[in-house]
$ cat start-v2.csv   # CSV, C-alpha atoms (C1' of nucleotides)
chain,number,residue,atom,x,y,z
A,1,MET,CA,69.9,-107.9,52.9
A,2,LEU,CA,73.6,-108.4,52.5
A,3,SER,CA,75.6,-108.1,55.8
A,4,ASN,CA,78.0,-105.3,56.4
A,5,LYS,CA,80.7,-107.9,56.0
A,6,ALA,CA,79.6,-108.8,52.6
A,7,GLN,CA,79.4,-105.2,51.5
A,8,TYR,CA,83.0,-104.7,52.8
A,9,ALA,CA,84.0,-107.8,50.8
A,10,PHE,CA,82.6,-106.4,47.6
A,11,ARG,CA,84.2,-103.0,48.2
A,12,ALA,CA,87.5,-104.7,48.7
A,13,LEU,CA,87.1,-106.9,45.7
A,14,THR,CA,86.2,-103.8,43.6
A,15,LEU,CA,89.6,-102.3,44.4
A,16,LEU,CA,91.4,-105.6,43.7
A,17,VAL,CA,89.6,-105.8,40.3
A,18,ASP,CA,90.6,-102.3,39.5
A,19,LYS,CA,94.2,-103.2,40.4
A,20,TYR,CA,94.2,-106.5,38.7
A,21,GLU,CA,97.4,-106.8,36.7
A,22,GLU,CA,99.2,-104.5,39.2
A,23,GLY,CA,100.3,-107.2,41.6
A,24,PRO,CA,99.6,-107.7,45.3
A,25,VAL,CA,97.7,-104.9,47.2
A,26,LEU,CA,98.3,-104.4,50.9
A,27,ILE,CA,95.4,-105.0,53.3
A,28,SER,CA,96.2,-101.7,54.9
A,29,GLU,CA,95.9,-100.0,51.5
A,30,ILE,CA,92.5,-101.5,50.8
A,31,ALA,CA,91.3,-100.7,54.4
A,32,LYS,CA,92.4,-97.1,54.0
A,33,LYS,CA,91.1,-96.5,50.5
A,34,LYS,CA,87.8,-98.2,51.0
A,35,ARG,CA,87.4,-97.2,54.7
A,36,ILE,CA,87.0,-100.6,56.1
A,37,PRO,CA,88.2,-101.5,59.6
A,38,LEU,CA,91.6,-103.0,59.2
A,39,LYS,CA,91.4,-106.1,61.4
A,40,PHE,CA,87.9,-106.9,60.2
A,41,LEU,CA,89.1,-106.7,56.6
A,42,GLU,CA,91.9,-109.1,57.5
A,43,ASN,CA,89.4,-111.7,58.4
A,44,ILE,CA,87.3,-111.2,55.4
A,45,LEU,CA,90.2,-111.4,52.9
A,46,LEU,CA,91.4,-114.5,54.6
A,47,GLU,CA,88.1,-116.1,54.2
A,48,LEU,CA,88.0,-115.2,50.6
A,49,LYS,CA,91.4,-116.7,50.2
A,50,ARG,CA,90.5,-119.9,51.9
A,51,ALA,CA,87.6,-120.2,49.5
A,52,GLY,CA,89.9,-119.8,46.6
A,53,ILE,CA,88.8,-116.4,45.4
A,54,LEU,CA,91.9,-114.6,46.4
A,55,GLN,CA,95.6,-115.3,46.6
A,56,SER,CA,98.1,-113.7,48.9
A,57,LYS,CA,101.8,-113.2,49.3
A,58,LYS,CA,103.7,-112.5,52.5
A,59,GLY,CA,106.5,-110.2,53.3
A,60,LYS,CA,107.7,-107.1,51.4
A,61,GLY,CA,106.0,-106.7,48.1
A,62,GLY,CA,103.2,-108.9,49.4
A,63,GLY,CA,99.5,-108.4,49.7
A,64,TYR,CA,96.3,-109.8,48.3
A,65,PHE,CA,95.3,-110.3,44.7
A,66,ILE,CA,92.6,-112.0,42.7
A,67,ASN,CA,93.3,-115.7,42.1
A,68,GLN,CA,91.6,-116.3,38.7
A,69,HIS,CA,90.7,-113.9,36.0
A,70,PRO,CA,87.9,-111.7,37.5
A,71,SER,CA,85.4,-113.0,34.9
A,72,LYS,CA,85.8,-116.5,36.4
A,73,THR,CA,84.4,-115.6,39.8
A,74,THR,CA,80.7,-115.0,40.1
A,75,ILE,CA,78.9,-112.6,42.5
A,76,ALA,CA,76.9,-115.5,43.7
A,77,ALA,CA,80.0,-117.4,44.8
A,78,VAL,CA,81.2,-114.4,46.9
A,79,VAL,CA,77.8,-114.0,48.5
A,80,ARG,CA,77.7,-117.7,49.5
A,81,ILE,CA,81.1,-117.6,51.0
A,82,VAL,CA,80.5,-114.5,53.1
A,83,ASP,CA,76.8,-114.6,53.9
A,84,GLY,CA,75.8,-118.1,53.2
A,85,PRO,CA,72.5,-119.0,51.5
A,86,ILE,CA,71.0,-116.8,48.8
A,87,ALA,CA,67.6,-118.4,48.7
A,88,MET,CA,64.8,-117.1,50.9
A,89,LEU,CA,63.9,-120.5,52.3
A,90,PRO,CA,66.2,-123.3,53.5
A,91,CYS,CA,64.1,-125.8,51.5
A,92,VAL,CA,64.8,-124.1,48.2
A,93,SER,CA,68.5,-123.5,48.7
A,94,LEU,CA,70.8,-125.3,46.4
A,95,TYR,CA,74.0,-125.1,48.5
A,96,PHE,CA,72.5,-124.9,51.9
A,97,TYR,CA,69.5,-127.1,51.6
A,98,GLN,CA,67.5,-128.0,54.7
A,99,LYS,CA,64.1,-129.6,55.0
A,100,CYS,CA,61.6,-127.3,56.4
A,101,LYS,CA,59.5,-128.5,59.3
A,102,ASN,CA,55.8,-129.1,58.7
A,103,CYS,CA,55.9,-128.3,55.0
A,104,ASP,CA,55.3,-130.8,52.3
A,105,GLU,CA,57.5,-129.4,49.6
A,106,LYS,CA,55.5,-131.0,46.8
A,107,ASN,CA,52.4,-129.2,48.0
A,108,CYS,CA,53.5,-125.9,49.4
A,109,GLY,CA,52.6,-122.7,47.6
A,110,LEU,CA,55.4,-120.7,49.3
A,111,HIS,CA,58.0,-123.3,48.3
A,112,ASP,CA,57.0,-122.9,44.6
A,113,ILE,CA,57.1,-119.1,44.8
A,114,MET,CA,60.5,-119.1,46.6
A,115,GLU,CA,61.9,-121.5,44.1
A,116,ASN,CA,61.0,-119.0,41.3
A,117,VAL,CA,62.6,-116.2,43.3
A,118,ARG,CA,65.8,-118.3,43.7
A,119,ASP,CA,66.0,-119.1,40.0
A,120,ALA,CA,65.5,-115.4,39.0
A,121,THR,CA,68.0,-114.3,41.6
A,122,LEU,CA,70.6,-116.8,40.6
A,123,GLY,CA,70.0,-116.1,36.9
A,124,ILE,CA,71.6,-112.7,37.7
A,125,LEU,CA,74.1,-113.5,40.4
A,126,GLU,CA,75.6,-116.5,38.6
A,127,SER,CA,76.0,-114.5,35.4
A,128,ARG,CA,77.6,-111.5,36.9
A,129,THR,CA,81.3,-111.6,37.9
A,130,LEU,CA,83.9,-109.6,39.6
A,131,GLU,CA,84.6,-108.1,36.3
A,132,ASP,CA,81.3,-106.3,36.5
A,133,LEU,CA,82.4,-104.6,39.7
A,134,ALA,CA,85.2,-102.7,38.0
A,135,THR,CA,84.9,-98.9,38.2
A,136,GLY,CA,87.1,-98.1,35.3
A,137,ARG,CA,89.8,-97.1,37.7
A,138,GLU,CA,88.2,-93.9,39.0
A,139,ASN,CA,88.5,-95.1,42.5
A,140,LEU,CA,92.2,-95.9,42.8
B,1,MET,CA,66.7,-115.9,54.2
B,2,LEU,CA,63.3,-115.3,55.6
B,3,SER,CA,63.2,-115.2,59.4
B,4,ASN,CA,61.5,-117.9,61.4
B,5,LYS,CA,58.8,-115.3,62.2
B,6,ALA,CA,58.1,-114.7,58.5
B,7,GLN,CA,57.9,-118.4,57.9
B,8,TYR,CA,55.4,-118.7,60.7
B,9,ALA,CA,53.5,-115.8,59.2
B,10,PHE,CA,53.1,-117.6,55.9
B,11,ARG,CA,52.1,-120.9,57.6
B,12,ALA,CA,49.4,-119.0,59.5
B,13,LEU,CA,48.3,-117.2,56.4
B,14,THR,CA,48.1,-120.4,54.5
B,15,LEU,CA,45.6,-121.7,57.0
B,16,LEU,CA,43.6,-118.5,56.9
B,17,VAL,CA,43.5,-118.7,53.1
B,18,ASP,CA,42.3,-122.3,53.2
B,19,LYS,CA,39.6,-121.2,55.7
B,20,TYR,CA,38.7,-118.0,53.9
B,21,GLU,CA,34.8,-117.9,53.7
B,22,GLU,CA,34.6,-119.8,56.9
B,23,GLY,CA,34.7,-116.9,59.3
B,24,PRO,CA,37.2,-116.1,62.1
B,25,VAL,CA,39.8,-118.7,63.1
B,26,LEU,CA,41.1,-118.8,66.7
B,27,ILE,CA,44.8,-118.0,67.3
B,28,SER,CA,44.9,-121.2,69.3
B,29,GLU,CA,43.6,-123.2,66.4
B,30,ILE,CA,46.2,-121.8,64.0
B,31,ALA,CA,48.9,-122.4,66.6
B,32,LYS,CA,48.0,-125.9,67.1
B,33,LYS,CA,47.4,-126.9,63.5
B,34,LYS,CA,50.5,-125.2,62.2
B,35,ARG,CA,52.6,-125.9,65.3
B,36,ILE,CA,53.5,-122.3,66.0
B,37,PRO,CA,54.3,-121.1,69.6
B,38,LEU,CA,51.0,-119.5,70.7
B,39,LYS,CA,52.2,-116.3,72.2
B,40,PHE,CA,54.6,-115.7,69.4
B,41,LEU,CA,51.9,-116.2,66.9
B,42,GLU,CA,49.7,-113.6,68.7
B,43,ASN,CA,52.4,-111.0,68.1
B,44,ILE,CA,52.7,-111.9,64.4
B,45,LEU,CA,49.0,-111.9,63.7
B,46,LEU,CA,48.6,-108.6,65.5
B,47,GLU,CA,51.3,-107.1,63.4
B,48,LEU,CA,49.6,-108.3,60.2
B,49,LYS,CA,46.4,-106.9,61.4
B,50,ARG,CA,47.9,-103.5,62.1
B,51,ALA,CA,49.3,-103.5,58.6
B,52,GLY,CA,45.9,-104.1,57.2
B,53,ILE,CA,46.4,-107.7,56.0
B,54,LEU,CA,44.2,-109.3,58.6
B,55,GLN,CA,41.1,-108.5,60.5
B,56,SER,CA,40.0,-109.8,63.9
B,57,LYS,CA,37.0,-110.2,66.1
B,58,LYS,CA,37.0,-110.5,69.9
B,59,GLY,CA,35.0,-112.6,72.2
B,60,LYS,CA,33.0,-115.8,71.5
B,61,GLY,CA,32.9,-116.6,67.8
B,62,GLY,CA,35.9,-114.4,67.3
B,63,GLY,CA,39.3,-114.9,65.8
B,64,TYR,CA,41.4,-113.8,62.9
B,65,PHE,CA,40.5,-113.7,59.2
B,66,ILE,CA,41.9,-112.2,56.0
B,67,ASN,CA,40.9,-108.6,55.4
B,68,GLN,CA,40.6,-108.4,51.7
B,69,HIS,CA,40.2,-111.1,49.1
B,70,PRO,CA,43.4,-113.2,49.2
B,71,SER,CA,44.3,-112.2,45.6
B,72,LYS,CA,44.6,-108.6,46.8
B,73,THR,CA,47.5,-109.1,49.1
B,74,THR,CA,50.9,-109.8,47.6
B,75,ILE,CA,53.6,-112.0,49.0
B,76,ALA,CA,56.0,-109.0,48.8
B,77,ALA,CA,53.7,-107.0,51.1
B,78,VAL,CA,53.8,-109.7,53.8
B,79,VAL,CA,57.6,-110.0,53.6
B,80,ARG,CA,58.0,-106.3,54.0
B,81,ILE,CA,55.8,-106.2,57.0
B,82,VAL,CA,57.4,-109.0,58.8
B,83,ASP,CA,61.0,-109.0,57.7
B,84,GLY,CA,61.5,-105.5,56.2
B,85,PRO,CA,63.5,-104.9,53.1
B,86,ILE,CA,63.5,-107.4,50.2
B,87,ALA,CA,66.4,-105.9,48.4
B,88,MET,CA,70.0,-107.1,49.0
B,89,LEU,CA,71.4,-103.6,49.5
B,90,PRO,CA,69.9,-100.6,51.3
B,91,CYS,CA,70.7,-98.4,48.3
B,92,VAL,CA,68.4,-100.3,46.0
B,93,SER,CA,65.5,-100.8,48.3
B,94,LEU,CA,62.3,-99.1,47.2
B,95,TYR,CA,60.5,-99.1,50.6
B,96,PHE,CA,63.5,-99.0,52.9
B,97,TYR,CA,66.0,-96.9,50.9
B,98,GLN,CA,69.2,-95.8,52.6
B,99,LYS,CA,72.2,-94.2,51.0
B,100,CYS,CA,75.2,-96.4,51.2
B,101,LYS,CA,78.4,-95.0,52.6
B,102,ASN,CA,81.3,-94.6,50.2
B,103,CYS,CA,79.4,-95.7,47.1
B,104,ASP,CA,78.6,-93.5,44.2
B,105,GLU,CA,75.4,-95.1,43.1
B,106,LYS,CA,75.8,-93.8,39.6
B,107,ASN,CA,79.1,-95.6,39.2
B,108,CYS,CA,78.8,-98.7,41.3
B,109,GLY,CA,78.9,-102.1,39.7
B,110,LEU,CA,77.3,-103.8,42.7
B,111,HIS,CA,74.5,-101.3,42.8
B,112,ASP,CA,73.5,-102.1,39.2
B,113,ILE,CA,73.6,-105.9,39.8
B,114,MET,CA,71.6,-105.6,43.0
B,115,GLU,CA,69.1,-103.4,41.2
B,116,ASN,CA,68.6,-106.2,38.7
B,117,VAL,CA,68.2,-108.7,41.4
B,118,ARG,CA,65.6,-106.5,43.1
B,119,ASP,CA,63.6,-106.2,39.9
B,120,ALA,CA,63.7,-109.9,39.2
B,121,THR,CA,62.7,-110.7,42.8
B,122,LEU,CA,59.9,-108.2,42.9
B,123,GLY,CA,58.6,-109.3,39.5
B,124,ILE,CA,57.7,-112.5,41.3
B,125,LEU,CA,56.8,-111.5,44.8
B,126,GLU,CA,54.6,-108.6,43.7
B,127,SER,CA,52.7,-110.8,41.3
B,128,ARG,CA,52.1,-113.7,43.7
B,129,THR,CA,49.4,-113.3,46.3
B,130,LEU,CA,48.0,-115.1,49.3
B,131,GLU,CA,45.8,-117.0,46.9
B,132,ASP,CA,48.8,-118.8,45.7
B,133,LEU,CA,49.4,-120.2,49.2
B,134,ALA,CA,46.2,-122.1,49.2
B,135,THR,CA,46.7,-125.9,49.6
B,136,GLY,CA,43.4,-126.9,48.3
B,137,ARG,CA,42.3,-127.6,51.8
B,138,GLU,CA,44.3,-130.7,52.4
B,139,ASN,CA,45.8,-129.1,55.5
B,140,LEU,CA,42.7,-128.3,57.5
C,1,DA,C1',121.6,-114.9,60.0
C,2,DT,C1',118.6,-111.4,61.1
C,3,DC,C1',115.4,-108.0,60.6
C,4,DA,C1',111.4,-105.6,58.8
C,5,DT,C1',107.4,-106.6,56.4
C,6,DA,C1',102.9,-108.6,55.9
C,7,DC,C1',99.8,-112.1,56.0
C,8,DT,C1',97.8,-116.0,59.4
C,9,DC,C1',95.3,-117.6,63.1
C,10,DT,C1',92.6,-118.2,67.5
C,11,DA,C1',90.1,-116.2,70.7
C,12,DC,C1',87.6,-112.7,72.7
C,13,DT,C1',84.1,-108.9,73.3
C,14,DG,C1',80.3,-105.6,73.0
C,15,DT,C1',75.9,-104.7,70.5
C,16,DT,C1',71.9,-105.9,68.0
C,17,DT,C1',68.6,-109.0,66.3
C,18,DT,C1',66.0,-113.0,66.8
C,19,DG,C1',62.8,-115.9,68.9
C,20,DG,C1',60.3,-116.2,72.1
C,21,DT,C1',57.4,-115.6,77.2
C,22,DA,C1',54.5,-113.4,80.9
C,23,DG,C1',50.7,-111.3,82.4
C,24,DG,C1',47.4,-108.0,82.6
C,25,DA,C1',44.0,-104.9,79.8
C,26,DT,C1',40.3,-104.5,76.8
C,27,DA,C1',36.4,-105.6,73.9
C,28,DT,C1',32.4,-108.8,72.7
C,29,DG,C1',28.6,-112.0,73.0
C,30,DC,C1',25.4,-114.4,75.7
D,1,DG,C1',28.4,-109.8,84.6
D,2,DC,C1',30.9,-113.6,83.2
D,3,DA,C1',33.3,-116.4,79.8
D,4,DT,C1',35.8,-115.8,75.6
D,5,DA,C1',39.4,-114.0,72.8
D,6,DT,C1',42.1,-110.6,71.1
D,7,DC,C1',45.3,-106.5,72.5
D,8,DC,C1',49.3,-104.6,74.4
D,9,DT,C1',53.6,-103.6,76.9
D,10,DA,C1',57.4,-105.3,78.7
D,11,DC,C1',60.7,-108.6,79.4
D,12,DC,C1',64.4,-112.3,78.6
D,13,DA,C1',67.8,-115.7,76.7
D,14,DA,C1',70.4,-117.1,72.9
D,15,DA,C1',72.4,-116.4,68.6
D,16,DA,C1',74.3,-113.5,65.0
D,17,DC,C1',76.8,-109.5,63.7
D,18,DA,C1',80.6,-106.4,63.8
D,19,DG,C1',84.7,-105.7,65.2
D,20,DT,C1',89.3,-106.1,68.3
D,21,DA,C1',93.6,-108.1,70.3
D,22,DG,C1',97.7,-110.1,70.1
D,23,DA,C1',100.8,-113.5,69.1
D,24,DG,C1',102.4,-116.6,65.2
D,25,DT,C1',104.5,-117.6,60.7
D,26,DA,C1',106.3,-116.9,56.1
D,27,DT,C1',109.1,-113.9,52.8
D,28,DG,C1',112.5,-110.9,51.0
D,29,DA,C1',116.4,-107.8,51.5
D,30,DT,C1',120.7,-106.9,53.6
$ encode --input "start-v2.csv" --output "structure tokens"
Amino acid sequence: MLSNKAQYAFRALTLLVDKYEEGPVLISEIAKKKRIPLKFLENILLELKRAGILQSKKGKGGGYFINQHPSKTTIAAVVRIVDGPIAMLPCVSLYFYQKCKNCDEKNCGLHDIMENVRDATLGILESRTLEDLATGRENL
Amino acid sequence: MLSNKAQYAFRALTLLVDKYEEGPVLISEIAKKKRIPLKFLENILLELKRAGILQSKKGKGGGYFINQHPSKTTIAAVVRIVDGPIAMLPCVSLYFYQKCKNCDEKNCGLHDIMENVRDATLGILESRTLEDLATGRENL
DNA sequence: ATCATACTCTACTGTTTTGGTAGGATATGC
DNA sequence: GCATATCCTACCAAAACAGTAGAGTATGAT
């Protein structure tokens, strides 16, 4: 399951997508509209900025906004930043690979199954982008 | 990611599948061969037994063994017993559904995406069974 | 310049989950 | 009735999760 943090991240991103083209949005506005604890949200947005998903501007008229066009950022990328691995086993993770103890990957039934799951999951999460989060502006 | 516990569970089940037809296997044998902490493994096997995946026999000649034919138990079932939900969001889980706060499911982009992920994942995990874990007896 | 605005950053804290351990109770077979 | 093995409850330490605190820094307007 996605962590609470990741779910907050997606809620915040949804607002930022809806307001794409409207310039920076205040953290406090996002927090209020999406009911996310303010200070926690600060950390989350900062993390997304450091990862290159968001941009920010300080001072009056400042706030957060999406860095590239929403269609350029995949859902998979966001999950990896906030929650880490998407795969169900370390030994089948593409970005967070770790050898599993006591399992010969060439001859491990579970490995094969989880590789299939990973491919199926990524097939979706890599093809969907922030654009797909847009609500059509009902939630502004 | 699957928990350590779930990975132990699958390692244990792999041995039990390989030894299917050979009668009960001692917890201590599984623990030793698969390098799983004995007392932890006890809990795991007990849980799998209560869920109907395994059977056991006490006393001399006793041990654990698989309840139904390995092809009858899906990988999904095992994951649900040991780790709980498979879905990435509570609001798209079939067995552990929970409404998500502040999200209108009919109009939530993330909901739709995660529903697709769930279907893709279950398509695999529900169609693979314990039988697919068998190593061909190289690991006895 | 200086002041208000708003993000930036480090560190800290309480709670829950994870990953086990301990030890006795209970059932079975000989 | 004894040895064998699972059953069961409770406990514990460490890590992850979820959030908080508070001071620092950059920006824009006056």
$ interface_residues --input "start-v2.csv" --of "chain C" --to "chain B" --cutoff "10 Å" --atoms "all atoms listed in the file" --output "list in words"
DT18, DG19, DG20, DT21, DA22, DT26, DA27, DT28, DG29 and DC30 of chain C
$ interface_residues --input "start-v2.csv" --of "chain B" --to "chain A" --cutoff "6 Å" --atoms "all atoms listed in the file" --output "PDB file with C-alpha atoms, in the coordinates of the input"
ATOM      1  CA  MET B   1      66.700-115.900  54.200  1.00  0.00           C
ATOM      2  CA  LEU B   2      63.300-115.300  55.600  1.00  0.00           C
ATOM      3  CA  MET B  88      70.000-107.100  49.000  1.00  0.00           C
ATOM      4  CA  LEU B  89      71.400-103.600  49.500  1.00  0.00           C
ATOM      5  CA  GLY B 109      78.900-102.100  39.700  1.00  0.00           C
ATOM      6  CA  LEU B 110      77.300-103.800  42.700  1.00  0.00           C
ATOM      7  CA  VAL B 117      68.200-108.700  41.400  1.00  0.00           C
ATOM      8  CA  ALA B 120      63.700-109.900  39.200  1.00  0.00           C
ATOM      9  CA  THR B 121      62.700-110.700  42.800  1.00  0.00           C
ATOM     10  CA  ASP B 132      48.800-118.800  45.700  1.00  0.00           C
ATOM     11  CA  LEU B 133      49.400-120.200  49.200  1.00  0.00           C
TER      12      LEU B 133
END
$ interface_residues --input "start-v2.csv" --of "chain D" --to "chain A" --cutoff "10 Å" --atoms "only C-alpha atoms (C1' of nucleotides)" --output "list in words"
DC17, DA18, DG19, DT20, DA21, DT25, DA26, DT27, DG28 and DA29 of chain D
$ write_last_selection --input "start-v2.csv" --atoms "C-alpha atoms (C1' of nucleotides)" --output "CSV table (one decimal), in the coordinates of the input"
chain,number,residue,atom,x,y,z
D,17,DC,C1',76.8,-109.5,63.7
D,18,DA,C1',80.6,-106.4,63.8
D,19,DG,C1',84.7,-105.7,65.2
D,20,DT,C1',89.3,-106.1,68.3
D,21,DA,C1',93.6,-108.1,70.3
D,25,DT,C1',104.5,-117.6,60.7
D,26,DA,C1',106.3,-116.9,56.1
D,27,DT,C1',109.1,-113.9,52.8
D,28,DG,C1',112.5,-110.9,51.0
D,29,DA,C1',116.4,-107.8,51.5
$ atom_distance --input "start-v2.csv" --atom1 "atom CA of B:Ile53" --atom2 "atom CA of B:Asn67"
5.6 Å
$ atom_distance --input "start-v2.csv" --atom1 "atom CA of B:Leu48" --atom2 "atom CA of A:Val92"
25.0 Å
$ decode --input "start-v2.csv" --residues "stretch 10-30 of chain D" --atoms "N, CA and C atoms (P, O5', C5', C4', C3', O3' and C1' of nucleotides)" --output "CSV table (one decimal), in the first residue's frame"
chain,number,residue,atom,x,y,z
D,10,DA,P,-2.5,-12.8,26.3
D,10,DA,O5',-1.0,-12.4,26.8
D,10,DA,C5',-0.2,-13.3,27.6
D,10,DA,C4',1.2,-12.9,27.5
D,10,DA,C3',1.4,-11.4,27.4
D,10,DA,O3',2.3,-11.0,28.4
D,10,DA,C1',2.7,-12.5,25.8
D,11,DC,P,2.4,-9.4,28.8
D,11,DC,O5',3.9,-9.1,28.3
D,11,DC,C5',4.9,-10.1,28.7
D,11,DC,C4',6.1,-10.0,27.7
D,11,DC,C3',6.6,-8.5,27.5
D,11,DC,O3',7.8,-8.4,28.2
D,11,DC,C1',6.6,-9.8,25.5
D,12,DC,P,8.5,-6.9,28.5
D,12,DC,O5',9.5,-6.8,27.3
D,12,DC,C5',10.4,-7.8,26.9
D,12,DC,C4',11.1,-7.5,25.7
D,12,DC,C3',11.4,-5.9,25.6
D,12,DC,O3',12.8,-5.7,25.4
D,12,DC,C1',10.4,-6.8,23.5
D,13,DA,P,13.4,-4.3,25.6
D,13,DA,O5',14.2,-4.1,24.2
D,13,DA,C5',14.9,-5.2,23.7
D,13,DA,C4',15.3,-4.9,22.2
D,13,DA,C3',15.7,-3.5,21.9
D,13,DA,O3',16.8,-3.5,21.0
D,13,DA,C1',13.8,-4.0,20.7
D,14,DA,P,17.6,-2.2,20.5
D,14,DA,O5',17.0,-2.0,19.0
D,14,DA,C5',17.1,-3.2,18.2
D,14,DA,C4',16.4,-2.8,16.9
D,14,DA,C3',16.8,-1.5,16.3
D,14,DA,O3',17.0,-1.7,14.9
D,14,DA,C1',14.4,-1.6,16.5
D,15,DA,P,17.7,-0.5,14.0
D,15,DA,O5',16.5,-0.2,13.0
D,15,DA,C5',15.9,-1.2,12.3
D,15,DA,C4',14.5,-0.8,11.8
D,15,DA,C3',14.6,0.5,11.0
D,15,DA,O3',14.0,0.2,9.7
D,15,DA,C1',12.8,0.6,12.6
D,16,DA,P,14.1,1.3,8.5
D,16,DA,O5',12.5,1.7,8.4
D,16,DA,C5',11.6,0.7,8.4
D,16,DA,C4',10.2,1.3,8.5
D,16,DA,C3',10.0,2.5,7.6
D,16,DA,O3',8.7,2.3,7.0
D,16,DA,C1',9.5,3.1,9.9
D,17,DC,P,8.1,3.4,6.0
D,17,DC,O5',7.1,4.2,6.9
D,17,DC,C5',6.2,3.4,7.7
D,17,DC,C4',5.3,4.3,8.5
D,17,DC,C3',4.8,5.5,7.7
D,17,DC,O3',3.4,5.6,7.9
D,17,DC,C1',5.8,6.2,9.7
D,18,DA,P,2.5,6.7,7.2
D,18,DA,O5',2.5,7.8,8.3
D,18,DA,C5',1.8,7.6,9.5
D,18,DA,C4',1.7,8.9,10.3
D,18,DA,C3',1.4,10.1,9.5
D,18,DA,O3',0.5,11.0,10.2
D,18,DA,C1',3.4,10.5,10.6
D,19,DG,P,-0.2,12.1,9.4
D,19,DG,O5',0.6,13.4,10.0
D,19,DG,C5',0.5,13.5,11.4
D,19,DG,C4',1.7,14.1,12.0
D,19,DG,C3',1.8,15.6,11.7
D,19,DG,O3',1.2,16.3,12.9
D,19,DG,C1',3.9,14.6,12.0
D,20,DT,P,1.1,17.8,13.0
D,20,DT,O5',2.4,18.2,13.8
D,20,DT,C5',2.8,17.4,14.9
D,20,DT,C4',3.9,18.2,15.6
D,20,DT,C3',3.8,19.7,15.6
D,20,DT,O3',4.0,20.1,16.9
D,20,DT,C1',5.9,19.0,14.7
D,21,DA,P,4.0,21.7,17.2
D,21,DA,O5',5.5,22.2,17.1
D,21,DA,C5',6.5,21.2,17.5
D,21,DA,C4',7.8,22.0,17.8
D,21,DA,C3',7.6,23.6,17.8
D,21,DA,O3',8.5,24.1,18.8
D,21,DA,C1',9.1,22.9,16.0
D,22,DG,P,8.5,25.7,19.1
D,22,DG,O5',9.7,26.2,18.3
D,22,DG,C5',11.0,25.5,18.4
D,22,DG,C4',11.9,26.1,17.4
D,22,DG,C3',11.7,27.6,17.2
D,22,DG,O3',13.0,28.2,17.0
D,22,DG,C1',11.6,26.5,15.1
D,23,DA,P,13.2,29.8,17.4
D,23,DA,O5',14.6,30.2,16.8
D,23,DA,C5',15.6,29.1,16.7
D,23,DA,C4',16.0,28.9,15.3
D,23,DA,C3',16.5,30.3,14.6
D,23,DA,O3',17.8,30.1,14.0
D,23,DA,C1',15.1,29.1,13.2
D,24,DG,P,18.6,31.3,13.3
D,24,DG,O5',18.5,30.9,11.8
D,24,DG,C5',19.1,29.6,11.4
D,24,DG,C4',18.9,29.5,9.9
D,24,DG,C3',19.4,30.7,9.1
D,24,DG,O3',20.2,30.2,8.0
D,24,DG,C1',17.2,30.3,8.5
D,25,DT,P,21.1,31.3,7.1
D,25,DT,O5',20.2,31.5,5.8
D,25,DT,C5',19.8,30.3,5.0
D,25,DT,C4',18.9,30.7,3.9
D,25,DT,C3',19.4,32.0,3.2
D,25,DT,O3',19.2,31.8,1.8
D,25,DT,C1',17.1,32.2,3.8
D,26,DA,P,20.1,32.6,0.7
D,26,DA,O5',19.1,33.0,-0.4
D,26,DA,C5',18.2,32.0,-0.9
D,26,DA,C4',16.9,32.6,-1.3
D,26,DA,C3',17.0,33.8,-2.2
D,26,DA,O3',16.2,33.6,-3.4
D,26,DA,C1',15.6,34.3,-0.4
D,27,DT,P,16.4,34.5,-4.7
D,27,DT,O5',15.0,35.4,-4.6
D,27,DT,C5',13.8,34.7,-4.4
D,27,DT,C4',12.7,35.7,-4.1
D,27,DT,C3',12.8,37.0,-5.0
D,27,DT,O3',11.6,37.0,-5.8
D,27,DT,C1',12.3,37.5,-2.8
D,28,DG,P,11.5,38.0,-7.1
D,28,DG,O5',10.5,39.1,-6.4
D,28,DG,C5',9.3,38.6,-5.8
D,28,DG,C4',8.6,39.8,-5.1
D,28,DG,C3',8.5,41.1,-5.9
D,28,DG,O3',7.2,41.6,-5.9
D,28,DG,C1',9.5,41.5,-3.8
D,29,DA,P,6.7,42.9,-6.6
D,29,DA,O5',6.5,43.9,-5.4
D,29,DA,C5',5.7,43.4,-4.3
D,29,DA,C4',5.5,44.5,-3.3
D,29,DA,C3',5.4,45.9,-3.8
D,29,DA,O3',4.4,46.6,-2.9
D,29,DA,C1',7.3,45.8,-2.5
D,30,DT,P,3.9,48.1,-3.3
D,30,DT,O5',4.8,48.9,-2.2
D,30,DT,C5',4.7,48.5,-0.8
D,30,DT,C4',5.6,49.4,0.0
D,30,DT,C3',5.6,50.9,-0.5
D,30,DT,O3',5.5,51.7,0.7
D,30,DT,C1',7.8,50.2,-0.4
